[in-house]
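Dropping my_file_32.cif in here (mmCIF, C-alpha atoms):
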```cif
data_work
#
loop_
_atom_site.label_atom_id
_atom_site.label_comp_id
_atom_site.auth_asym_id
_atom_site.auth_seq_id
_atom_site.Cartn_x
_atom_site.Cartn_y
_atom_site.Cartn_z
CA MET A 1 80.65 65.88 108.82
CA LYS A 2 80.64 69.15 106.97
CA PRO A 3 81.65 72.31 108.85
CA PRO A 4 78.73 74.59 109.74
CA SER A 5 78.26 77.47 107.36
CA ALA A 6 79.06 80.97 108.53
CA GLU A 7 77.40 82.56 105.54
CA ALA A 8 74.14 83.12 107.46
CA CYS A 9 75.72 85.80 109.62
CA GLY A 10 75.36 89.32 108.33
CA ARG A 11 77.19 92.60 108.65
CA PRO A 12 76.29 94.62 111.70
CA LEU A 13 73.95 97.56 111.58
CA CYS A 14 75.48 100.96 112.12
CA THR A 15 78.50 100.76 114.42
CA VAL A 16 79.74 104.33 114.21
CA GLU A 17 80.68 104.33 117.91
CA GLY A 18 83.68 102.21 116.89
CA SER A 19 85.19 105.18 115.05
CA ARG A 20 88.55 106.28 116.42
CA VAL A 21 91.44 108.65 116.15
CA PRO A 22 94.44 106.33 116.57
CA LEU A 23 96.06 108.30 119.39
CA PRO A 24 96.45 107.49 123.09
CA PRO A 25 95.17 110.01 125.65
CA ASP A 26 97.43 113.03 126.11
CA ALA A 27 99.53 112.05 123.11
CA ALA A 28 102.50 114.09 121.93
CA VAL A 29 102.54 114.34 118.13
CA PRO A 30 105.62 115.35 116.10
CA ALA A 31 105.03 118.91 114.88
CA ASN A 32 105.91 117.88 111.33
CA VAL A 33 103.45 114.97 111.16
CA PRO A 34 102.48 114.67 107.46
CA ALA A 35 98.81 113.90 108.18
CA LEU A 36 96.32 113.07 110.91
CA VAL A 37 93.70 110.36 110.45
CA VAL A 38 90.19 109.43 111.63
CA VAL A 39 89.47 105.71 111.19
CA PRO A 40 85.82 104.54 110.79
CA PRO A 41 84.51 101.06 111.60
CA ALA A 42 84.16 98.54 108.80
CA TYR A 43 81.47 99.45 106.24
CA GLU A 44 81.35 103.06 107.43
CA TRP A 45 83.20 106.12 106.18
CA VAL A 46 84.45 109.51 107.34
CA GLU A 47 83.01 112.67 105.81
CA GLU A 48 86.30 114.26 104.89
CA GLN A 49 84.74 117.73 104.73
CA SER A 50 83.82 117.35 108.42
CA LEU A 51 87.44 117.03 109.49
CA ARG A 52 88.59 119.86 111.73
CA LEU A 53 91.86 120.64 113.48
CA ARG A 54 91.75 123.50 115.96
CA THR A 55 93.99 124.90 118.65
CA GLU A 56 92.85 124.81 122.26
CA GLU A 57 91.73 128.41 121.76
CA GLY A 58 89.47 127.37 118.85
CA VAL A 59 91.64 128.67 115.97
CA ASP A 60 91.26 126.53 112.83
CA VAL A 61 94.42 125.05 111.32
CA GLU A 62 94.69 125.26 107.53
CA ALA A 63 94.85 121.79 106.02
CA ARG A 64 93.96 119.61 103.03
CA LEU A 65 91.05 117.25 103.67
CA LEU A 66 91.25 113.89 101.90
CA LYS A 67 89.57 110.49 101.76
CA GLY A 68 92.13 107.91 102.80
CA PRO A 69 92.47 104.12 102.60
CA GLY A 70 89.66 102.11 104.16
CA ASN A 71 87.30 105.11 103.92
CA SER A 72 89.35 106.93 106.53
CA GLY A 73 89.47 110.70 106.76
CA VAL A 74 92.88 112.31 106.29
CA LEU A 75 93.80 115.84 107.36
CA ALA A 76 97.18 117.08 106.11
CA PRO A 77 98.26 120.34 107.81
CA ALA A 78 99.45 123.02 105.39
CA ALA A 79 102.38 123.88 107.71
CA PRO A 80 104.08 122.20 110.67
CA LEU A 81 102.22 122.41 113.95
CA VAL A 82 103.50 124.65 116.73
CA PRO A 83 105.44 122.69 119.38
CA GLY A 84 103.88 122.97 122.82
CA THR A 85 100.43 123.89 121.45
CA ARG A 86 97.35 121.84 122.34
CA TYR A 87 95.15 120.75 119.40
CA HIS A 88 91.72 119.19 118.94
CA LEU A 89 91.03 116.87 115.96
CA GLU A 90 87.56 115.65 115.02
CA GLY A 91 85.70 114.06 112.12
CA THR A 92 82.13 112.85 111.55
CA VAL A 93 81.19 109.27 110.64
CA PRO A 94 77.61 109.02 109.34
CA CYS A 95 75.58 105.88 109.90
CA ASP A 96 75.19 104.37 106.46
CA GLY A 97 73.82 100.97 107.48
CA GLY A 98 70.26 101.58 108.59
CA GLY A 99 71.05 103.75 111.58
CA GLY A 100 68.20 106.19 111.08
CA GLY A 101 70.38 109.18 110.30
CA ARG A 102 72.64 108.79 113.33
CA SER A 103 76.24 109.93 113.15
CA PHE A 104 79.24 109.94 115.44
CA VAL A 105 82.00 112.50 115.94
CA ALA A 106 85.37 110.88 116.59
CA MET A 107 87.76 113.23 118.35
CA ALA A 108 91.06 113.46 120.16
CA ASP A 109 93.15 116.09 121.91
CA PHE A 110 96.93 116.11 121.70
CA THR A 111 99.98 118.30 122.15
CA ALA A 112 102.41 119.08 119.33
CA GLY A 113 105.92 118.01 120.26
CA PRO A 114 109.25 118.85 118.61
CA GLU A 115 109.73 118.01 114.95
CA ALA A 116 111.19 114.56 114.28
CA ALA A 117 112.97 113.29 111.20
CA LEU A 118 110.58 111.32 108.99
CA PRO A 119 111.43 107.63 109.34
CA THR A 120 113.48 105.90 106.68
CA ALA A 121 113.63 102.50 108.43
CA THR A 122 110.75 100.12 109.13
CA GLY A 123 112.11 97.63 111.63
CA VAL A 124 112.71 93.88 111.81
CA LEU A 125 110.36 91.06 110.78
CA GLN A 126 111.08 87.50 111.83
CA PRO A 127 109.07 84.27 112.10
CA GLY A 128 107.80 82.98 115.41
CA ALA A 129 107.65 79.31 116.27
CA GLY A 130 105.35 77.17 114.15
CA GLN A 131 102.27 75.91 115.97
CA LEU A 132 99.71 73.16 115.40
CA GLY A 133 96.20 73.02 116.79
CA GLN A 134 92.87 74.78 116.53
CA LEU A 135 92.86 78.33 115.25
CA ARG A 136 90.14 80.85 114.66
CA VAL A 137 89.38 81.73 111.06
CA TRP A 138 86.86 84.31 109.84
CA ASP A 139 85.43 81.95 107.26
CA GLY A 140 82.21 83.66 106.17
CA SER A 141 81.34 86.81 104.30
CA ALA A 142 80.38 88.44 107.58
CA SER A 143 80.73 88.22 111.36
CA CYS A 144 81.36 84.50 111.91
CA ALA A 145 84.58 82.80 112.96
CA SER A 146 85.07 79.04 113.23
CA GLY A 147 87.70 76.75 114.69
CA TYR A 148 89.89 74.77 112.31
CA ILE A 149 92.69 72.28 112.76
CA GLY A 150 95.81 73.56 111.02
CA GLY A 151 99.28 74.96 111.38
CA TRP A 152 100.25 78.60 111.77
CA VAL A 153 103.09 81.00 112.42
CA THR A 154 102.78 84.40 114.06
CA LEU A 155 105.36 86.75 112.62
CA GLU A 156 107.20 88.97 115.09
CA PHE A 157 107.65 92.61 114.14
CA THR A 158 109.85 95.11 115.97
CA PRO A 159 109.30 98.70 114.71
CA ALA A 160 112.36 100.87 114.17
CA PRO A 161 112.66 103.51 116.95
CA GLU A 162 112.40 106.31 114.40
CA LEU A 163 109.09 104.87 113.14
CA VAL A 164 107.44 104.60 116.57
CA PRO A 165 106.34 108.29 116.91
CA PHE A 166 104.57 108.04 113.52
CA LEU A 167 102.86 104.62 113.96
CA PRO A 168 99.32 106.05 114.40
CA TRP A 169 99.38 107.26 110.78
CA VAL A 170 100.83 104.14 109.17
CA HIS A 171 98.67 101.59 107.34
CA TRP A 172 99.92 98.10 106.47
CA THR A 173 99.91 95.30 103.91
CA LEU A 174 101.38 91.83 104.39
CA GLU A 175 102.23 89.93 101.23
CA VAL A 176 103.06 86.24 101.07
CA ASP A 177 105.02 85.08 98.03
CA GLY A 178 104.17 88.34 96.31
CA GLN A 179 100.40 88.15 96.88
CA THR A 180 98.41 90.24 99.37
CA TRP A 181 97.64 88.17 102.46
CA ALA A 182 96.28 90.75 104.93
CA THR A 183 95.91 94.48 105.49
CA ALA A 184 95.56 96.64 108.59
CA PRO A 185 94.33 100.23 109.00
CA HIS A 186 96.15 103.23 110.43
CA GLY A 187 97.22 102.75 114.02
CA ALA A 188 96.80 98.96 113.96
CA VAL A 189 100.42 98.33 115.02
CA ASP A 190 101.74 99.59 118.35
CA ALA A 191 105.24 100.42 119.56
CA SER A 192 105.87 96.84 120.73
CA GLY A 193 104.81 95.34 117.39
CA GLY A 194 101.42 94.24 118.69
CA VAL A 195 98.58 94.28 116.14
CA ILE A 196 94.84 94.91 116.43
CA PRO A 197 93.14 91.59 115.49
CA ALA A 198 91.05 91.16 112.37
CA ASP A 199 87.39 92.04 112.86
CA GLY A 200 85.84 89.78 110.22
CA PHE A 201 84.48 92.79 108.33
CA ARG A 202 87.25 95.18 107.30
CA THR A 203 89.87 92.43 107.47
CA MET A 204 89.45 88.65 107.48
CA ARG A 205 93.00 87.73 108.54
CA ASP A 206 95.21 89.01 111.33
CA LEU A 207 98.04 91.03 109.82
CA LEU A 208 100.92 88.94 111.17
CA THR A 209 99.39 85.45 111.43
CA VAL A 210 99.90 83.13 108.46
CA TYR A 211 98.30 79.70 108.41
CA SER A 212 97.56 76.49 106.54
CA LEU A 213 94.25 74.70 107.03
CA CYS A 214 95.82 71.53 105.62
CA GLY A 215 93.07 70.86 103.08
CA ARG A 216 90.27 71.44 105.59
CA GLU A 217 88.78 74.63 104.14
CA SER A 218 84.99 74.67 104.34
CA PRO A 219 83.00 74.69 101.09
CA GLY A 220 82.42 78.21 99.86
CA MET A 221 85.17 79.75 101.99
CA PRO A 222 86.06 83.12 100.42
CA PRO A 223 89.59 83.65 99.07
CA SER A 224 90.15 86.26 101.81
CA ALA A 225 90.08 83.45 104.41
CA THR A 226 91.67 80.42 102.75
CA GLY A 227 95.03 79.23 103.98
CA LEU A 228 98.43 78.69 102.41
CA ALA A 229 99.88 75.39 101.25
CA PRO A 230 102.21 73.71 103.75
CA GLY A 231 105.87 74.49 103.09
CA VAL A 232 108.29 77.40 103.05
CA HIS A 233 107.01 80.87 102.15
CA THR A 234 108.25 84.46 102.19
CA ALA A 235 106.31 87.22 103.96
CA THR A 236 106.82 90.91 103.13
CA LEU A 237 105.42 93.63 105.36
CA ARG A 238 104.77 96.95 103.59
CA PRO A 239 104.04 100.08 105.66
CA VAL A 240 102.80 103.40 104.29
CA LEU A 241 103.10 106.59 106.36
CA GLU A 242 100.09 108.65 105.29
CA GLN A 243 100.92 111.61 103.02
CA SER A 244 104.67 111.19 103.55
CA GLY A 245 107.00 111.81 100.63
CA THR A 246 109.56 109.52 102.27
CA PRO A 247 108.71 105.88 101.44
CA LEU A 248 109.24 103.24 104.10
CA PRO A 249 111.15 100.13 102.99
CA PRO A 250 109.37 96.76 103.16
CA VAL A 251 110.75 94.08 105.48
CA SER A 252 110.70 90.34 104.74
CA ALA A 253 111.07 87.01 106.49
CA SER A 254 110.83 83.36 105.47
CA PHE A 255 108.67 80.91 107.43
CA GLU A 256 107.53 77.31 107.20
CA LEU A 257 104.02 75.94 107.71
CA THR A 258 103.40 72.32 108.66
CA CYS A 259 100.28 70.24 109.26
CA PRO A 260 99.16 68.13 112.22
CA ALA A 261 100.02 64.41 112.13
CA MET A 262 97.30 62.17 110.77
CA GLY A 263 95.77 59.51 113.03
CA SER A 264 95.37 55.85 112.21
CA ASP A 265 91.84 56.50 110.95
CA GLY A 266 93.11 59.06 108.44
CA GLY A 267 91.86 62.03 110.46
CA ALA A 268 93.88 64.54 112.41
CA ASP A 269 95.12 63.39 115.81
CA PRO A 270 93.37 65.22 118.67
CA LEU A 271 95.22 68.42 119.51
CA PRO A 272 94.68 70.88 122.31
CA ASP A 273 94.22 74.56 121.65
CA ALA A 274 97.71 75.95 121.33
CA GLY A 275 97.24 78.58 124.02
CA THR A 276 97.54 81.52 121.64
CA GLY A 277 94.01 82.82 122.17
CA THR A 278 92.98 81.55 118.75
CA GLY A 279 91.14 78.35 119.67
CA PRO A 280 87.34 78.07 119.58
CA ASP A 281 87.12 78.37 123.39
CA ASP A 282 88.85 81.74 123.11
CA LEU A 283 86.52 83.22 120.52
CA PRO A 284 85.10 86.61 121.43
CA GLN A 285 81.36 86.66 122.08
CA LYS A 286 80.68 88.28 118.70
CA ALA A 287 82.34 85.36 116.94
CA LYS A 288 80.76 82.72 119.17
CA GLY A 289 77.28 84.12 118.79
CA CYS A 290 77.61 85.23 115.18
CA SER A 291 74.62 87.47 115.70
CA GLN A 292 73.21 90.28 113.68
CA ALA A 293 72.30 93.44 115.53
CA GLY A 294 68.60 93.29 116.17
CA GLY A 295 68.38 89.59 115.32
CA GLY A 296 68.55 86.33 117.22
CA LEU A 297 70.74 84.28 114.87
CA SER A 298 73.23 82.07 116.70
CA VAL A 299 75.70 79.33 115.84
CA LEU A 300 76.79 78.50 119.39
CA GLY A 301 75.79 74.90 118.83
CA ALA A 302 77.63 74.86 115.52
CA LEU A 303 80.89 75.77 117.22
CA ALA A 304 80.47 72.79 119.51
CA ALA A 305 80.09 70.60 116.43
CA LEU A 306 83.34 71.98 115.07
CA ARG A 307 85.27 70.04 117.70
CA LEU A 308 83.88 66.81 116.31
CA TRP A 309 84.26 67.82 112.68
CA SER A 310 87.85 69.04 113.03
CA ARG A 311 88.98 65.65 114.32
CA ARG A 312 87.39 63.55 111.62
CA LYS A 313 88.40 63.22 108.04
CA GLU A 314 86.22 65.01 105.55
#
```
Is it possible to give me this structure as structure tokens?
Amino acid sequence: MKPPSAEACGRPLCTVEGSRVPLPPDAAVPANVPALVVVPPAYEWVEEQSLRLRTEEGVDVEARLLKGPGNSGVLAPAAPLVPGTRYHLEGTVPCDGGGGGRSFVAMADFTAGPEAALPTATGVLQPGAGQLGQLRVWDGSASCASGYIGGWVTLEFTPAPELVPFLPWVHWTLEVDGQTWATAPHGAVDASGGVIPADGFRTMRDLLTVYSLCGRESPGMPPSATGLAPGVHTATLRPVLEQSGTPLPPVSASFELTCPAMGSDGGADPLPDAGTGTGPDDLPQKAKGCSQAGGGLSVLGALAALRLWSRRKE
């Protein structure tokens, strides 16, 4: 049996409401933060000229307005902020995907805290335990994820304490054996090392999950979704603090990927979902339904077929 195709699923229509300023409520921001960022959803962009930083009293803060990675909007204050002062940041994300001229203003309020030394350390990267089972892979050019039998490792990242106050303005790249494996936008990594999952649009792979599909890639799977060969590899995590003149050092770790045992019929032995939230039963509704906004397209039945397909040899 051939795996069902995910290529029929399309990008969503305008999703500007997913725009965000990567700050928690009532955040305290180092007064010497190099830049503040507004992050748009996948396929959308921030009008950098719409970026505004004002005090609580409505006084504009002088700043450079830039287009950042992933079509983000970057505002770099011309001088350090004033500790103890309340600020309001906002930026407009127009609806470029058939939204009828709609737009969304992403905004956040925060307080400037004391200045903090710009970080010079990144943290520690180490491999988690290797796992075998069914994992979710964004295997189409759009909003579809499918379950595959394979092996994977989730890398464990512990940010350096000096990096934690600046994490909302750091964007990330993970390389494997010197080649880009995954990227993540500003604010995707939190103080505990947790990572926002891939969305199937901006990013196809989770930043810290590396996997092998053990020769079971579906026909036409894009390079952004294919797995690694089984064996030992080296992962390198590269952070960039936006508009900082102090580079952050990359951190590396070696890991090993293995494949499930093969059954007597030449197919993979049945394996339960590994309990990591990556099996087909754990797919979010968007991935299960694979639906376009305004359409009725569904591959719910196809996901059921994946259970049969993943246990039989191709």
Problem - Nearby residues, (95.4, 97.4, 108.3) file frame, 10 Å, only C-alpha atoms, as a VMD selection string - result: chain A and resid 69 to 70 170 to 174 182 to 189 195 to 198 202 to 203 205 to 207 239
Taking C-alpha atoms for each residue, export the selection above as an mmCIF file, in the frame of the given file.
```cif
data_model
loop_
_atom_site.group_PDB
_atom_site.id
_atom_site.type_symbol
_atom_site.label_atom_id
_atom_site.label_comp_id
_atom_site.auth_asym_id
_atom_site.auth_seq_id
_atom_site.Cartn_x
_atom_site.Cartn_y
_atom_site.Cartn_z
ATOM 1 C CA PRO A 69 92.470 104.120 102.600
ATOM 2 C CA GLY A 70 89.660 102.110 104.160
ATOM 3 C CA VAL A 170 100.830 104.140 109.170
ATOM 4 C CA HIS A 171 98.670 101.590 107.340
ATOM 5 C CA TRP A 172 99.920 98.100 106.470
ATOM 6 C CA THR A 173 99.910 95.300 103.910
ATOM 7 C CA LEU A 174 101.380 91.830 104.390
ATOM 8 C CA ALA A 182 96.280 90.750 104.930
ATOM 9 C CA THR A 183 95.910 94.480 105.490
ATOM 10 C CA ALA A 184 95.560 96.640 108.590
ATOM 11 C CA PRO A 185 94.330 100.230 109.000
ATOM 12 C CA HIS A 186 96.150 103.230 110.430
ATOM 13 C CA GLY A 187 97.220 102.750 114.020
ATOM 14 C CA ALA A 188 96.800 98.960 113.960
ATOM 15 C CA VAL A 189 100.420 98.330 115.020
ATOM 16 C CA VAL A 195 98.580 94.280 116.140
ATOM 17 C CA ILE A 196 94.840 94.910 116.430
ATOM 18 C CA PRO A 197 93.140 91.590 115.490
ATOM 19 C CA ALA A 198 91.050 91.160 112.370
ATOM 20 C CA ARG A 202 87.250 95.180 107.300
ATOM 21 C CA THR A 203 89.870 92.430 107.470
ATOM 22 C CA ARG A 205 93.000 87.730 108.540
ATOM 23 C CA ASP A 206 95.210 89.010 111.330
ATOM 24 C CA LEU A 207 98.040 91.030 109.820
ATOM 25 C CA PRO A 239 104.040 100.080 105.660
#
```
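Interatomic distance, atom CA of Leu163 of chain A to atom CA of Pro114 of chain A: 15.0 Å.
Excluding Leu65 of chain A itself and any same-chain residue fewer than 5 positions from it, the protein and nucleic acid residues within 9 Å of it, counting only C-alpha atoms, are Glu48, Gln49, Ser50, Leu51, Arg52, Gly73, Val74, Leu75, Ala76 and Pro77 of chain A.
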Exercise for the section: Quick one: pull the distance between atom CA of Arg86 of chain A and atom CA of Pro34 of chain A, Å, one decimal. Expected result: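 So the answer is 17.3 Å.
In this structure, atom CA of Pro165 of chain A sits 12.6 Å away from atom CA of Ala121 of chain A.
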Practice task
Starting from the shown file, work through the PyMOL selection byres ((chain A and resi 175-179) around 7) and note down what comes out as a PyMOL selection string.
Solution key: chain A and resi 173-174+180-181+233-237
Exercise for the section: Measuring atom to atom with all atoms listed in the file, identify which of A:Leu248, A:Leu89, A:Asp190, A:Pro127 is nearest to Asp60 of chain A. Expected result: A:Leu89
Practice task
Please evaluate the PyMOL selection byres ((chain A and resi 257) around 10) against the structure above and give the resulting residues as JSON, numbers by chain.
Solution key: {"A": [129, 130, 131, 132, 150, 151, 152, 153, 210, 211, 212, 213, 214, 228, 229, 230, 231, 232, 233, 255, 256, 258, 259]}
Exercise for the section: Could you state which residues are captured by the PyMOL selection byres ((chain A and resi 25) around 10) in this file, as an MDAnalysis selection string? Expected result: chainID A and resid 22:24 26:28 108:110
Output the selection as a short mmCIF file (atom, residue, chain, number, x, y, z; two decimals), keeping the file's coordinate frame - C-alpha atoms for each residue.
```cif
data_model
loop_
_atom_site.label_atom_id
_atom_site.label_comp_id
_atom_site.auth_asym_id
_atom_site.auth_seq_id
_atom_site.Cartn_x
_atom_site.Cartn_y
_atom_site.Cartn_z
CA PRO A 22 94.44 106.33 116.57
CA LEU A 23 96.06 108.30 119.39
CA PRO A 24 96.45 107.49 123.09
CA ASP A 26 97.43 113.03 126.11
CA ALA A 27 99.53 112.05 123.11
CA ALA A 28 102.50 114.09 121.93
CA ALA A 108 91.06 113.46 120.16
CA ASP A 109 93.15 116.09 121.91
CA PHE A 110 96.93 116.11 121.70
#
```
Completion exercise
Of A:Gly133, A:Gly215, A:Pro30, A:Pro168, the one nearest to Gly113 of chain A when counting only C-alpha atoms is A:Pro30
Exercise for the section: Go through A:Gly220, A:Pro247, A:Gly227, A:Pro161 and flag the residue nearest Met204 of chain A, using only C-alpha atoms for the distances. Expected result: A:Gly227
Practice task
Identify which of the residues A:Ala31, A:Ala191, A:Gln134, A:Ser103 lies closest to Ile149 of chain A, counting all atoms listed in the file when measuring atom-to-atom distances.
Solution key: A:Gln134
(106.2, 121.3, 124.3) in this file's frame - what residues fall within 8 Å of it? Use all atoms listed in the file and give the answer as an mmCIF file with C-alpha atoms, in the frame of the given file.
```cif
data_model
loop_
_atom_site.group_PDB
_atom_site.id
_atom_site.type_symbol
_atom_site.label_atom_id
_atom_site.label_comp_id
_atom_site.auth_asym_id
_atom_site.auth_seq_id
_atom_site.Cartn_x
_atom_site.Cartn_y
_atom_site.Cartn_z
ATOM 1 C CA PRO A 83 105.440 122.690 119.380
ATOM 2 C CA GLY A 84 103.880 122.970 122.820
ATOM 3 C CA THR A 85 100.430 123.890 121.450
ATOM 4 C CA THR A 111 99.980 118.300 122.150
ATOM 5 C CA ALA A 112 102.410 119.080 119.330
ATOM 6 C CA GLY A 113 105.920 118.010 120.260
ATOM 7 C CA PRO A 114 109.250 118.850 118.610
#
```
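Shortest atom-to-atom contact with Val240 of chain A among A:Ala79, A:Cys144, A:Leu167, A:Met107: A:Leu167, counting all atoms listed in the file.
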